[in-house]
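Source file: data-v8.cif (mmCIF, C-alpha atoms)
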```cif
data_structure
#
loop_
_atom_site.label_atom_id
_atom_site.label_comp_id
_atom_site.auth_asym_id
_atom_site.auth_seq_id
_atom_site.Cartn_x
_atom_site.Cartn_y
_atom_site.Cartn_z
CA MET A 1 -15.64 24.20 38.27
CA LEU A 2 -13.38 26.49 36.32
CA GLU A 3 -10.21 27.59 38.12
CA LEU A 4 -9.13 31.16 37.43
CA THR A 5 -5.38 31.43 37.14
CA GLU A 6 -3.69 34.77 36.55
CA THR A 7 -3.05 33.88 32.90
CA LEU A 8 -6.67 32.77 32.38
CA LYS A 9 -8.05 35.90 34.06
CA ALA A 10 -5.99 38.12 31.77
CA CYS A 11 -7.18 36.16 28.73
CA LEU A 12 -10.86 36.34 29.76
CA TRP A 13 -10.65 40.05 30.57
CA GLN A 14 -8.96 40.85 27.25
CA THR A 15 -11.49 38.77 25.27
CA ALA A 16 -14.45 40.48 26.95
CA LYS A 17 -12.90 43.85 26.20
CA THR A 18 -12.73 43.13 22.46
CA LEU A 19 -16.43 42.17 22.30
CA LYS A 20 -19.31 44.63 22.24
CA GLY A 21 -22.98 44.63 23.20
CA THR A 22 -24.86 41.32 23.16
CA GLN A 23 -21.81 39.24 22.28
CA ARG A 24 -19.92 40.56 25.26
CA ARG A 25 -22.78 39.98 27.72
CA ARG A 26 -23.37 36.42 26.49
CA PHE A 27 -19.65 35.63 26.75
CA MET A 28 -19.61 36.89 30.33
CA ALA A 29 -22.74 34.86 31.18
CA GLN A 30 -21.20 31.66 29.74
CA ILE A 31 -18.02 32.12 31.81
CA VAL A 32 -20.11 32.64 34.96
CA GLN A 33 -22.00 29.40 34.23
CA GLU A 34 -18.68 27.57 34.02
CA LEU A 35 -17.60 29.06 37.36
CA GLY A 36 -20.64 27.48 39.03
CA THR A 37 -22.12 28.57 42.38
CA GLY A 38 -20.96 32.07 43.36
CA GLY A 39 -19.75 32.69 39.84
CA GLN A 40 -21.24 36.19 39.62
CA ARG A 41 -19.45 37.36 42.76
CA GLN A 42 -16.21 35.70 41.68
CA ALA A 43 -16.39 37.36 38.23
CA GLN A 44 -17.07 40.69 39.85
CA THR A 45 -14.21 40.35 42.34
CA GLU A 46 -11.51 38.84 40.15
CA LEU A 47 -12.43 40.05 36.64
CA GLY A 48 -14.07 43.38 37.47
CA TRP A 49 -17.28 42.56 35.59
CA CYS A 50 -20.55 44.25 36.48
CA ARG A 51 -23.13 41.86 37.95
CA ASP A 52 -26.02 43.74 36.30
CA THR A 53 -24.37 43.18 32.91
CA ILE A 54 -23.87 39.50 33.73
CA ARG A 55 -27.55 39.09 34.68
CA LYS A 56 -28.64 40.76 31.45
CA GLY A 57 -26.41 38.34 29.52
CA GLN A 58 -27.91 35.36 31.39
CA ARG A 59 -31.43 36.46 30.46
CA GLU A 60 -30.35 36.78 26.82
CA LEU A 61 -28.97 33.23 26.94
CA GLU A 62 -32.16 31.85 28.51
CA THR A 63 -34.64 33.59 26.21
CA GLY A 64 -32.60 33.72 23.01
CA LEU A 65 -33.52 37.39 22.68
CA SER A 66 -31.00 40.20 22.34
CA CYS A 67 -31.32 43.50 24.20
CA ILE A 68 -30.84 46.55 21.99
CA ASP A 69 -28.67 49.22 23.56
CA ALA A 70 -30.19 52.70 23.36
CA PHE A 71 -27.28 54.88 24.37
CA LYS A 72 -28.66 57.85 22.42
CA ALA A 73 -31.83 57.78 24.51
CA ARG A 74 -29.92 58.31 27.74
CA GLY A 75 -29.51 61.61 29.53
CA ARG A 76 -31.17 64.97 28.98
CA LYS A 77 -31.81 65.90 25.37
CA PRO A 78 -30.51 69.24 24.04
CA VAL A 79 -33.07 71.99 23.93
CA GLU A 80 -32.95 71.91 20.09
CA SER A 81 -34.75 68.56 20.16
CA LYS A 82 -37.87 70.44 21.27
CA LEU A 83 -37.09 73.84 19.75
CA PRO A 84 -35.19 73.12 16.51
CA GLN A 85 -35.19 76.79 15.39
CA LEU A 86 -33.93 78.21 18.68
CA SER A 87 -30.30 78.75 17.64
CA GLU A 88 -31.31 80.39 14.34
CA ASP A 89 -33.78 82.65 16.14
CA ILE A 90 -31.17 83.67 18.71
CA LYS A 91 -28.74 84.47 15.91
CA ALA A 92 -31.38 86.54 14.09
CA ILE A 93 -31.96 88.61 17.23
CA VAL A 94 -28.35 89.06 18.29
CA ASP A 95 -26.49 89.34 14.98
CA SER A 96 -27.74 92.78 14.04
CA GLN A 97 -26.83 94.06 17.51
CA SER A 98 -23.28 92.68 17.61
CA GLN A 99 -20.07 94.49 16.77
CA THR A 100 -16.57 93.40 15.95
CA ASP A 101 -13.43 94.26 17.88
CA PRO A 102 -12.70 97.93 16.95
CA SER A 103 -8.95 97.27 16.96
CA PHE A 104 -9.37 94.28 14.58
CA LYS A 105 -6.95 92.29 16.76
CA SER A 106 -9.45 89.44 16.98
CA THR A 107 -12.58 88.20 15.23
CA ARG A 108 -14.73 88.10 18.37
CA LEU A 109 -18.22 89.57 18.28
CA TYR A 110 -19.59 91.57 21.20
CA THR A 111 -23.35 91.94 21.54
CA ARG A 112 -25.10 94.89 23.11
CA VAL A 113 -28.04 92.81 24.45
CA SER A 114 -27.94 90.79 27.66
CA THR A 115 -28.94 87.15 27.94
CA ALA A 116 -32.13 88.09 29.76
CA LYS A 117 -32.98 90.56 26.97
CA VAL A 118 -32.43 87.87 24.33
CA ARG A 119 -34.87 85.61 26.19
CA GLN A 120 -37.40 88.43 26.37
CA GLN A 121 -37.08 89.16 22.64
CA LEU A 122 -37.56 85.47 21.83
CA VAL A 123 -40.99 85.79 23.45
CA GLU A 124 -41.87 89.15 21.92
CA GLN A 125 -40.44 88.78 18.41
CA LYS A 126 -40.33 85.03 17.78
CA HIS A 127 -43.52 84.23 19.72
CA TYR A 128 -42.07 81.56 22.00
CA GLN A 129 -43.96 80.62 25.15
CA GLU A 130 -42.25 81.64 28.37
CA ALA A 131 -42.57 78.16 29.82
CA GLU A 132 -41.00 76.36 26.85
CA LEU A 133 -37.83 78.47 26.71
CA PRO A 134 -34.68 77.22 28.48
CA SER A 135 -33.00 79.09 31.31
CA ASN A 136 -30.81 82.17 30.87
CA GLU A 137 -27.75 79.98 31.43
CA THR A 138 -28.65 77.73 28.49
CA ILE A 139 -29.21 80.76 26.26
CA ARG A 140 -25.86 82.17 27.39
CA GLN A 141 -24.18 78.90 26.39
CA ARG A 142 -25.84 79.05 22.97
CA LEU A 143 -24.60 82.62 22.51
CA ASN A 144 -21.06 81.47 23.26
CA GLN A 145 -21.39 78.52 20.87
CA LEU A 146 -22.59 80.88 18.12
CA GLY A 147 -19.53 83.10 18.67
CA TYR A 148 -21.16 86.04 20.48
CA ARG A 149 -19.85 87.58 23.69
CA PRO A 150 -22.59 89.17 25.84
CA ALA A 151 -19.95 90.73 28.14
CA LYS A 152 -19.31 94.46 27.98
CA VAL A 153 -15.75 95.34 27.00
CA ALA A 154 -14.34 98.81 27.60
CA LYS A 155 -12.75 99.14 24.16
CA THR A 156 -16.06 98.33 22.44
CA GLN A 157 -17.98 101.14 24.13
CA PRO A 158 -19.08 103.77 21.56
CA GLN A 159 -17.81 107.30 22.05
CA LYS A 160 -21.33 108.74 22.09
CA LYS A 161 -24.92 107.58 22.03
CA PHE A 162 -27.53 109.63 20.22
CA PRO A 163 -31.17 109.74 21.36
CA GLU A 164 -32.16 107.92 18.16
CA THR A 165 -29.63 105.07 18.59
CA ASP A 166 -31.98 102.48 20.08
CA ALA A 167 -34.75 103.30 17.59
CA ILE A 168 -32.29 103.01 14.69
CA PHE A 169 -31.12 99.58 15.85
CA GLU A 170 -34.73 98.40 16.24
CA GLN A 171 -35.61 99.58 12.73
CA LEU A 172 -32.38 98.07 11.35
CA SER A 173 -33.27 94.70 12.81
CA GLN A 174 -36.69 94.78 11.14
CA VAL A 175 -35.39 95.97 7.77
CA ASN A 176 -32.54 93.44 7.65
CA GLN A 177 -34.77 90.56 8.68
CA GLN A 178 -37.35 91.48 6.04
CA ALA A 179 -34.61 91.58 3.40
CA ASP A 180 -33.17 88.22 4.44
CA ASN A 181 -36.63 86.63 4.26
CA ASP A 182 -37.50 88.19 0.89
CA PRO A 183 -36.16 86.18 -2.08
CA THR A 184 -36.29 89.28 -4.32
CA THR A 185 -34.11 91.39 -2.01
CA LEU A 186 -30.33 91.11 -1.63
CA ARG A 187 -28.58 92.65 1.37
CA LEU A 188 -25.12 94.18 0.93
CA SER A 189 -22.84 95.49 3.65
CA LEU A 190 -20.42 98.19 2.49
CA ASP A 191 -17.57 100.00 4.19
CA ALA A 192 -13.95 101.08 3.86
CA LYS A 193 -11.07 100.02 6.08
CA ALA A 194 -8.35 102.32 7.36
CA THR A 195 -5.77 103.31 4.74
CA VAL A 196 -2.75 100.99 4.49
CA LYS A 197 0.68 102.56 4.05
CA ILE A 198 2.92 100.72 1.57
CA GLY A 199 6.52 100.36 2.72
CA PRO A 200 8.88 98.36 4.96
CA PHE A 201 6.85 99.13 8.07
CA SER A 202 6.08 96.97 11.11
CA ARG A 203 2.43 96.06 11.64
CA GLY A 204 2.82 94.33 14.97
CA GLY A 205 2.23 90.79 13.73
CA LYS A 206 4.32 87.63 13.91
CA ASN A 207 6.09 85.67 11.20
CA ARG A 208 7.83 82.30 11.29
CA VAL A 209 10.61 83.81 9.15
CA PRO A 210 12.80 86.46 10.86
CA THR A 211 11.63 89.78 9.43
CA PHE A 212 13.13 93.24 9.86
CA ALA A 213 10.87 96.27 9.59
CA CYS A 214 10.89 99.97 10.36
CA ASP A 215 9.17 101.06 13.55
CA HIS A 216 8.15 104.39 12.00
CA ASP A 217 6.15 104.88 8.81
CA PHE A 218 7.66 108.00 7.32
CA ALA A 219 7.37 108.61 3.55
CA PRO A 220 5.37 105.57 2.40
CA LYS A 221 5.70 104.48 -1.23
CA ALA A 222 1.92 104.62 -1.68
CA LYS A 223 -1.33 104.39 0.22
CA LEU A 224 -4.10 101.88 -0.40
CA THR A 225 -7.60 102.00 1.01
CA PRO A 226 -9.56 98.71 1.07
CA TYR A 227 -13.28 98.97 0.38
CA GLY A 228 -15.46 95.93 0.96
CA ILE A 229 -18.80 94.66 -0.33
CA PHE A 230 -19.99 91.82 1.86
CA LEU A 231 -23.03 89.56 1.32
CA PRO A 232 -24.07 88.40 4.82
CA GLN A 233 -26.50 85.72 3.62
CA LEU A 234 -23.94 84.14 1.27
CA ASP A 235 -20.77 84.89 3.25
CA GLU A 236 -19.13 86.32 0.12
CA LEU A 237 -16.60 89.15 0.23
CA PHE A 238 -15.45 91.49 -2.54
CA LEU A 239 -12.48 93.78 -1.89
CA TYR A 240 -11.63 96.86 -3.93
CA PHE A 241 -8.34 98.65 -3.29
CA THR A 242 -7.88 102.26 -4.35
CA THR A 243 -4.95 104.65 -4.32
CA SER A 244 -7.40 107.55 -4.47
CA LYS A 245 -9.73 109.02 -1.87
CA VAL A 246 -12.93 107.13 -1.04
CA THR A 247 -15.52 109.56 -2.37
CA SER A 248 -19.22 109.30 -3.19
CA ASP A 249 -18.38 108.72 -6.85
CA PHE A 250 -15.96 105.94 -5.92
CA ILE A 251 -18.59 104.19 -3.77
CA VAL A 252 -21.24 104.24 -6.50
CA ASP A 253 -18.72 103.22 -9.17
CA ILE A 254 -17.72 100.21 -7.04
CA LEU A 255 -21.36 99.29 -6.48
CA GLU A 256 -22.05 99.57 -10.20
CA SER A 257 -18.96 97.53 -11.11
CA TRP A 258 -19.96 94.81 -8.63
CA TRP A 259 -23.53 94.65 -9.92
CA GLU A 260 -22.48 94.47 -13.58
CA SER A 261 -20.12 91.59 -12.74
CA ASN A 262 -22.65 89.66 -10.68
CA ARG A 263 -26.09 90.55 -12.03
CA HIS A 264 -26.21 87.27 -13.99
CA ARG A 265 -26.28 85.43 -10.64
CA PHE A 266 -29.14 87.52 -9.28
CA THR A 267 -31.66 87.80 -12.10
CA HIS A 268 -34.47 87.37 -9.55
CA ILE A 269 -33.35 90.34 -7.43
CA ARG A 270 -35.47 93.48 -7.60
CA THR A 271 -34.16 95.37 -4.55
CA LEU A 272 -30.71 95.93 -3.08
CA LEU A 273 -30.52 96.76 0.62
CA LEU A 274 -27.31 98.63 1.48
CA ASN A 275 -26.06 98.49 5.08
CA GLN A 276 -23.60 101.34 5.64
CA ASP A 277 -22.15 103.42 8.43
CA ASN A 278 -22.89 107.11 8.77
CA GLY A 279 -19.59 108.29 7.26
CA PRO A 280 -18.93 111.69 5.68
CA GLU A 281 -18.83 110.40 2.08
CA ASN A 282 -21.81 108.05 2.18
CA HIS A 283 -24.45 109.53 4.50
CA SER A 284 -27.85 110.34 3.10
CA ARG A 285 -27.29 114.12 3.04
CA ARG A 286 -24.25 113.78 0.77
CA THR A 287 -25.71 115.34 -2.35
CA GLN A 288 -23.41 113.72 -4.93
CA LEU A 289 -24.01 110.27 -3.43
CA MET A 290 -27.79 110.57 -3.57
CA LYS A 291 -27.66 111.88 -7.14
CA ARG A 292 -25.48 108.98 -8.28
CA LEU A 293 -27.66 106.41 -6.52
CA VAL A 294 -30.79 107.80 -8.22
CA GLU A 295 -28.98 107.44 -11.56
CA PHE A 296 -27.96 103.88 -10.62
CA VAL A 297 -31.59 102.95 -9.96
CA SER A 298 -32.72 104.41 -13.25
CA LYS A 299 -29.94 102.76 -15.25
CA HIS A 300 -30.22 99.25 -13.81
CA GLN A 301 -33.97 99.30 -13.10
CA LEU A 302 -33.49 98.25 -9.50
CA ASN A 303 -34.88 99.47 -6.20
CA LEU A 304 -32.44 100.63 -3.54
CA ARG A 305 -32.95 100.67 0.22
CA LEU A 306 -30.38 102.46 2.38
CA ALA A 307 -30.15 101.44 6.04
CA TYR A 308 -27.50 103.25 8.06
CA TYR A 309 -26.00 102.35 11.40
CA PRO A 310 -26.13 105.09 14.03
CA PRO A 311 -23.17 107.45 14.52
CA TYR A 312 -20.24 105.95 16.48
CA HIS A 313 -21.66 102.43 16.01
CA SER A 314 -20.15 101.55 12.63
CA LYS A 315 -18.50 98.39 14.01
CA TYR A 316 -21.93 96.74 14.04
CA ASN A 317 -21.89 96.71 10.23
CA PRO A 318 -21.35 93.05 9.13
CA VAL A 319 -18.53 93.89 6.69
CA GLU A 320 -16.46 95.12 9.64
CA ARG A 321 -16.11 91.51 10.82
CA THR A 322 -14.02 90.64 7.79
CA TRP A 323 -11.40 93.30 8.55
CA GLY A 324 -10.23 91.44 11.66
CA VAL A 325 -9.56 88.35 9.52
CA LEU A 326 -7.66 90.41 6.95
CA GLU A 327 -5.65 92.20 9.65
CA ASN A 328 -4.63 88.94 11.33
CA HIS A 329 -3.85 87.38 7.95
CA TRP A 330 -1.37 89.92 6.66
CA ASN A 331 0.11 91.19 9.93
CA GLY A 332 3.64 89.89 10.26
CA ASN A 333 4.25 90.42 6.54
CA ILE A 334 5.98 93.43 5.05
CA LEU A 335 3.52 95.29 2.84
CA ASP A 336 6.25 96.84 0.75
CA ASP A 337 4.43 96.95 -2.61
CA ILE A 338 0.89 96.96 -3.98
CA THR A 339 1.21 93.49 -5.52
CA THR A 340 2.01 92.00 -2.10
CA VAL A 341 -1.04 93.65 -0.56
CA LEU A 342 -3.36 92.33 -3.26
CA HIS A 343 -1.89 88.82 -3.07
CA LEU A 344 -2.30 88.64 0.71
CA ALA A 345 -5.87 89.89 0.41
CA GLU A 346 -6.61 87.19 -2.17
CA THR A 347 -5.24 84.42 0.07
CA MET A 348 -7.27 85.31 3.17
CA THR A 349 -10.39 83.25 3.81
CA TRP A 350 -13.76 84.16 5.22
CA LYS A 351 -15.86 81.14 6.19
CA GLY A 352 -13.69 78.99 3.90
CA LYS A 353 -14.02 81.31 0.88
CA HIS A 354 -11.41 83.57 -0.73
CA PRO A 355 -12.54 87.13 -1.57
CA ILE A 356 -12.61 88.62 -5.04
CA VAL A 357 -9.93 91.32 -5.08
CA LYS A 358 -9.59 94.19 -7.55
CA LEU A 359 -7.38 97.28 -7.81
CA VAL A 360 -9.00 100.58 -8.77
CA THR A 361 -6.52 102.99 -10.33
CA LEU A 362 -8.91 105.82 -11.24
CA THR A 363 -8.36 109.08 -9.33
CA TYR A 364 -11.48 110.68 -7.83
CA GLN A 365 -12.05 114.33 -7.19
CA THR A 366 -13.11 115.37 -3.70
CA GLY A 367 -15.59 118.10 -2.78
CA VAL A 368 -18.09 117.39 -5.58
CA LYS A 369 -21.56 118.50 -4.50
CA LEU A 370 -24.92 119.68 -5.83
CA THR A 371 -26.54 123.06 -5.46
CA THR A 372 -29.56 123.47 -3.22
CA LEU A 373 -31.93 123.47 -6.21
CA GLU A 374 -30.31 120.38 -7.72
CA MET A 375 -30.56 118.52 -4.42
CA ALA A 376 -34.20 119.55 -4.06
CA GLU A 377 -34.87 117.82 -7.38
CA VAL A 378 -33.08 114.67 -6.16
CA GLU A 379 -35.14 114.69 -2.94
CA THR A 380 -38.32 114.37 -5.01
CA GLN A 381 -37.05 111.00 -6.28
CA ILE A 382 -36.24 109.45 -2.91
CA GLN A 383 -38.40 108.42 0.01
CA ARG A 384 -37.25 108.96 3.58
CA LEU A 385 -38.72 107.04 6.49
CA SER A 386 -41.14 109.33 8.31
CA GLN A 387 -43.21 108.86 11.44
CA PRO A 388 -46.91 109.77 11.62
CA VAL A 389 -47.72 113.23 12.93
CA GLY A 390 -47.92 113.17 16.71
CA ASP A 391 -45.97 109.92 17.00
CA SER A 392 -43.53 109.88 19.91
CA LEU A 393 -40.91 107.93 17.94
CA PRO A 394 -37.90 109.92 16.63
CA ASN A 395 -37.59 110.87 12.98
CA LEU A 396 -35.34 108.34 11.23
CA GLY A 397 -35.42 109.89 7.77
CA LYS A 398 -31.65 110.37 7.70
CA TRP A 399 -30.98 106.67 8.26
CA PHE A 400 -33.60 104.84 6.18
CA ILE A 401 -34.16 105.79 2.54
CA ASP A 402 -35.91 104.12 -0.38
CA ILE A 403 -35.13 104.89 -4.02
CA VAL A 404 -37.78 103.16 -6.10
CA TYR A 405 -37.46 102.55 -9.82
CA SER A 406 -40.30 104.15 -11.71
CA THR A 407 -41.37 103.15 -15.23
CA ALA A 408 -43.12 106.48 -15.75
#
```
As structure tokens, what does this structure read like?
Amino acid sequence: MLELTETLKACLWQTAKTLKGTQRRRFMAQIVQELGTGGQRQAQTELGWCRDTIRKGQRELETGLSCIDAFKARGRKPVESKLPQLSEDIKAIVDSQSQTDPSFKSTRLYTRVSTAKVRQQLVEQKHYQEAELPSNETIRQRLNQLGYRPAKVAKTQPQKKFPETDAIFEQLSQVNQQADNDPTTLRLSLDAKATVKIGPFSRGGKNRVPTFACDHDFAPKAKLTPYGIFLPQLDELFLYFTTSKVTSDFIVDILESWWESNRHRFTHIRTLLLNQDNGPENHSRRTQLMKRLVEFVSKHQLNLRLAYYPPYHSKYNPVERTWGVLENHWNGNILDDITTVLHLAETMTWKGKHPIVKLVTLTYQTGVKLTTLEMAEVETQIQRLSQPVGDSLPNLGKWFIDIVYSTA
């Protein structure tokens, strides 16, 4: 019979610890055999070994067969094992109804739909069976994992809500999803950020190097306005900085410049879907904008679809999410010249990618507009979304417009 001294016990325990699986169980079973009668209890008491593990090792010694450990088969499987598309479907429902932090102090996303509503829309839109869907708590956890916050936050509440707001969001969700699923359509998100004043001014950030800045922004050297074109499906960002006003002509010039630089990548694209807010220089009643967009369609032989976010809800536009990253990236630095601003913009990253940054030096004239007769001619070349006569749904013609290229 084997006598277990303190030195031997330490040696046996350490040896068993270094072994894994079948080898460990067989080693334990062999030691128990050497201990003789009562060996299992002695090994449990003095070595801390599990008797079930010892018995499994003894059976492996007797039969010569090895038990295969199936650790991955243990426990409850994640819901994605049965519903592999669930996370993607949740994202498709929630993403178009989520907004960024209006102050751009963080990159969090706040969604306007509750967890229960997401579950309901999974049944109605994605055709899931009620019985196969997980609980609201599981869906809430998936929302958190995807980066969405279903909680209502006071600072994210819009100033006003128009009667058409809910209908606009519903139509936006359909239009965006159709574009994302259509290989011949490319969705762009466009918007301008607040003007940046160039000078030795504090921006409220932190820097590892002691930095001195002015706490008032009198007499800036210059002013730069960032304008972004964001591709949600590709997570690509293009930033254009201008010292001029952001006018309708500027917006179309930027769109045209972007397309001419990137059209070789998108030879299969026949339609561009533009997600925009309902700003004063880019809404669908801005006569100069609509005229320039009609000319853009004719020149490049492309179709354009305009899909606007409702008033006071511009932070739902996907490009807005990139501004929080930019703000956090360059805060703490002194934006004392244009070169510094452009360099910091180039070094920011969105989903691991650096944006393409350009400076626009052309000065644009404000107040350019068409006469009533000229705009009437433009209206004949665009198609506004209209509801059937007698339909109870609101008219969304101001928010959804098609400009179709005609070969005639």
Contacts of Glu6 of chain A at 12 Å (all atoms listed in the file; same-chain gap of 4+ positions) as an MDAnalysis selection string: chainID A and resid 10:13 46:47
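Among A:Phe104, A:Trp323, A:Tyr312, A:Tyr128, the residue with the shortest atom-to-atom distance to Leu190 of chain A, counting all atoms listed in the file, is A:Trp323.
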List every residue of segment 113-179 of chain A that has an atom at most 9 Å from any atom of segment 270-288 of chain A, and for each one report the closest atom pair and its distance in Å to one decimal, counting only C-alpha atoms, with rows sorted by chain and then by increasing residue number, as CSV.
```
residue,atom,partner,partner_atom,distance
A:Leu172,CA,A:Asn275,CA,8.9
A:Val175,CA,A:Leu273,CA,8.7
A:Asn176,CA,A:Leu273,CA,8.0
A:Ala179,CA,A:Leu273,CA,7.2
```
Residue members of the PyMOL selection byres ((chain A and resi 110) around 6) in the file shown, as a list in words: Ser98, Gln99, Leu109, Thr111, Tyr148 and Arg149 of chain A
So which one's closest to Gln177 of chain A, A:Thr115, A:Thr165, A:Ser96, A:Thr349? Using all atoms listed in the file, please. A:Ser96
Might you pull out every residue within 12 Å of Glu295 of chain A, with all atoms listed in the file counted and same-chain residues fewer than 6 positions away left off, and present them as a VMD selection string? chain A and resid 249 252 to 253 256 288 to 289 301 to 304 378 381 to 382 403 to 406
Distance of atom CA of Ser248 of chain A from atom CA of Arg292 of chain A, expressed in Å to one decimal place: 8.1 Å
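Evaluated against the shown file, the PyMOL selection byres ((chain A and resi 62-66) around 10) gives Gly21, Thr22, Gln23, Arg25, Arg26, Lys56, Gly57, Gln58, Arg59, Glu60, Leu61, Cys67, Ile68 and Asp69 of chain A.
Between Asp95 of chain A and the residues A:Lys245, A:Lys82, A:Arg74, A:Arg112, the shortest atom-to-atom distance, using only C-alpha atoms, involves A:Arg112.
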